[in-house]
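Heads up: the structure comes next, in structure tokens.
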Amino acid sequence: MTDAPTLERKTLSVAGAELELLDGGQGAPVLFLHSASGIEAGDPFLRLLARQRRVIAPSHPGFGRSALPDWMDSVDDFAHVYLEMMDKLKLTRVDMIGCSIGGWIANEIATKAPERINRLVLIGPVGVKVGPVDKLDIPDMFAMPQEKVAKLIFHDPVKYRPDLAAMSDEQVSIMVRNRETLALITWEPYMHNPKLKHRLHRVTAPALFVRGASDGLISAEYLQKYAALLPNARTETIAEAGHAPQLEQSAVTADKVIAFLNG
Amino acid sequence: MRAWHFSENAYPYLPPQDEYESIRVNLPNSNYDPRKGAELYDRFLDEWLIAEDEGLEIMLNEHHQTATCVDPAAPVVLGALARLSKKARLLILGNPVANRRMPIRVAEEMALIDVLSKGRLECGFVRGVPYEVLPANSNPVRMNERQWEAMDLIVRAWTSHDGPFSHEGRFFHHRNVNIWPRPYQQPHPPCWVSTTSPGGAQQVGRRGWVQATFLTGFDGTRAIFDSYRKGWREAGLGNDVPVNRLAYAALVYTGETEAKAHAGADKLLWYMRANKVPFHYQYPPGYMPVAAMAKVVRGAALDQHASLKDKAQVDKAIEAGIMFAGTPDQVYGQVKRFYEHVGGFGHLLLMGQAGFLEHDDTVHGIKTFAREVYPRLKAEFPDTTISGIQQQKVVA
């Protein structure tokens, strides 16, 4: 991937929070909203995207090196932060890609300002409750060992097991803090906003819902029912990938996403 | 010194440990026989009343969805004790206020018990142990902030007497607070907070409330009490911190003979041996500060658990200062040594019953302590003593 541009790390003050963001590439802007595991500047998927588009990828408040003001504690807060960030960066209209909780944030943004979204890609998104009252739509990640979480997340969990010995103290701290902020914003109601499904009909942008075939967190049924809440959405499955096809199958996923964004 | 009899009200009749993943949170309650449970409640209430007859005070606590402590509503049991007991102080340690959605309800429950007991309530507050966040569906992040807002609101509810007030805080919202009854004790019942971290103790010290710590051993306890004293002085409460602001909970068993005492003490260690809880319940995200949790992720917890497991033997537990056990002379000597090491404390919380320690043995431990050890502790360590490590006293 030597020909792919590297994204530059910047900081930007939004809503009283210092946010870190990656910015790079040329073309129509794409706002990339990461999953609970955060983002890295060398992320292959982002670099593939940046070959064709300008990619703006912030770390959510409380994730990576982004600050988390005391008053923030919800996905809704983050959606407002990003609308303000778009104003600051003069991004009138964008394409948006959101993974997992990033997909939830993307949908919250899209319901608040549908006119600012061209096309929307949701990869393994959480955020709605579509199943029965007596069963969690998404397995309880906070009530199981990390090894079991990894099995639900990855098609190939062994390959993506974190190598703690090789990680710097800062990297371990970021991993721990990402998990803490994830708990803060998803604990209750678990992984969803009960209001969101009643608002998604406002999202008129064409939307692509993507799921890895081995995703143990987001079921195929969940994805279908979620997509059906938007007026103009379709679904796609990526083989040999779990909850993060952008990581496990970055080239295939990037191709499909870029094809969709290019209409 | 004041001594308090404490039992977690465990339900010990469980299958072998290797047949379940955790004694807390997900152990099915099909393992609980309500008839056996009813007998246990009778027994534990009787033991508290025997402790009262022997001159001890009464302490109880609360945990949820666990066999280790089948008292998920401590105020209910405290209500029964308020009527059954006559003179003992009644310490609840405590109300898990970071997990209670309505602090005002807690203020009401505690005021009711204070009136019912004619002013014998000692009201403790706890943040709640990590395994409680799932049972309470309580967000493990920012619990400390919730706890302090709740405690301050409860005190305000107790001490406001001129009709409704409102509270629009970070975590709690009440438009009309005007509790009936108000507490019997004025301005309000004594407040206790338990914490096992120096940072927490400093905050408690700033309020001047009673600081309790559990099984933190010689050096851990000294660090916590030092932080308390630091907070107390910073808040301008004076230079001298009386020992009655500090409490220590240990496993305690006193017997006529060393052999009998160690046999009883060994049964108390069920409390430590039975606490089988997997990592993901022990360490929910956000419960600990990031820096501390990063160390845990790197393996610090494994060392800590190995060390705890190692201490679950009578000799080692005594050596670590988490257990006082033996003949009356031995127990007195162990408490004295601990007292002097940590700079003094005014309340000894005796975990005097656990697991399969049966009624007769529990009562033997209570009575032997109360008759042979307690009078000496009261004489040697008066409540008004100023706390602080020995060297400071000598200089002064």
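Every chain in the structure tokens has a letter given in the order shown (A, B, ...), and although residue numbers restart at 1 in each chain, ligands are simply numbered from 1 in the order shown.
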inquiry  = Quick one: residues within 12 Å of segment 344-346 of chain B, only C-alpha atoms, excluding same-chain residues fewer than 3 positions away - as a ChimeraX atom specification?
reply    = /B:1-4,210-213,218,221-222,224-226,228-229,241-249,335-341,349,377-378,380-390,393
request  = For chain A, work out the contacting residues on chain B at 9 Å, counting only C-alpha atoms, and write them as a PyMOL selection string.
outcome  = chain B and resi 134+137-142+170+278-281+284-287+289-291+293-295+297-298
task = Determine, counting only C-alpha atoms, which protein, DNA and RNA residues have an atom within 6 Å of an atom of segment 127-137 of chain A; residues of the same chain fewer than 5 positions away are not included. Present the result as a PyMOL selection string.
result = chain A and resi 104+191-193
ask   = Using only C-alpha atoms, which residues sit within 10 Å of Arg101 of chain B once same-chain residues fewer than 3 positions away are excluded, as an MDAnalysis selection string?
value = chainID B and resid 97:98 104:106 136 138 146 150 171:172
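Nearest to Ile123 of chain A of all the residues A:Arg234, A:Arg199, A:Arg211, A:Lys256 is A:Arg211, counting only C-alpha atoms.
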task = Output as an NGL selection string all residues of segment 72-222 of chain A that backbone DSSP marks as helix (DSSP H, G or I).
result = :A and (75-88 or 101-112 or 114-116 or 141-143 or 146-153 or 164-166 or 169-186 or 196-198 or 200-202 or 220-222)
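Pairwise distance (atom CA of Glu21 of chain B, atom CA of Ser307 of chain B) equals 20.8 Å.
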query = Distance atom CA of Glu221 of chain A-atom CA of Val203 of chain A, one decimal place?
reply = 20.6 Å
message = Can you tell me which residues surround Phe209 of chain A at a distance of at most 9 Å, considering only C-alpha atoms, apart from same-chain residues fewer than 2 positions away, and format the answer as a VMD selection string?
response = chain A and resid 120 to 125 207 211 223 to 224 226 to 227 233 to 237
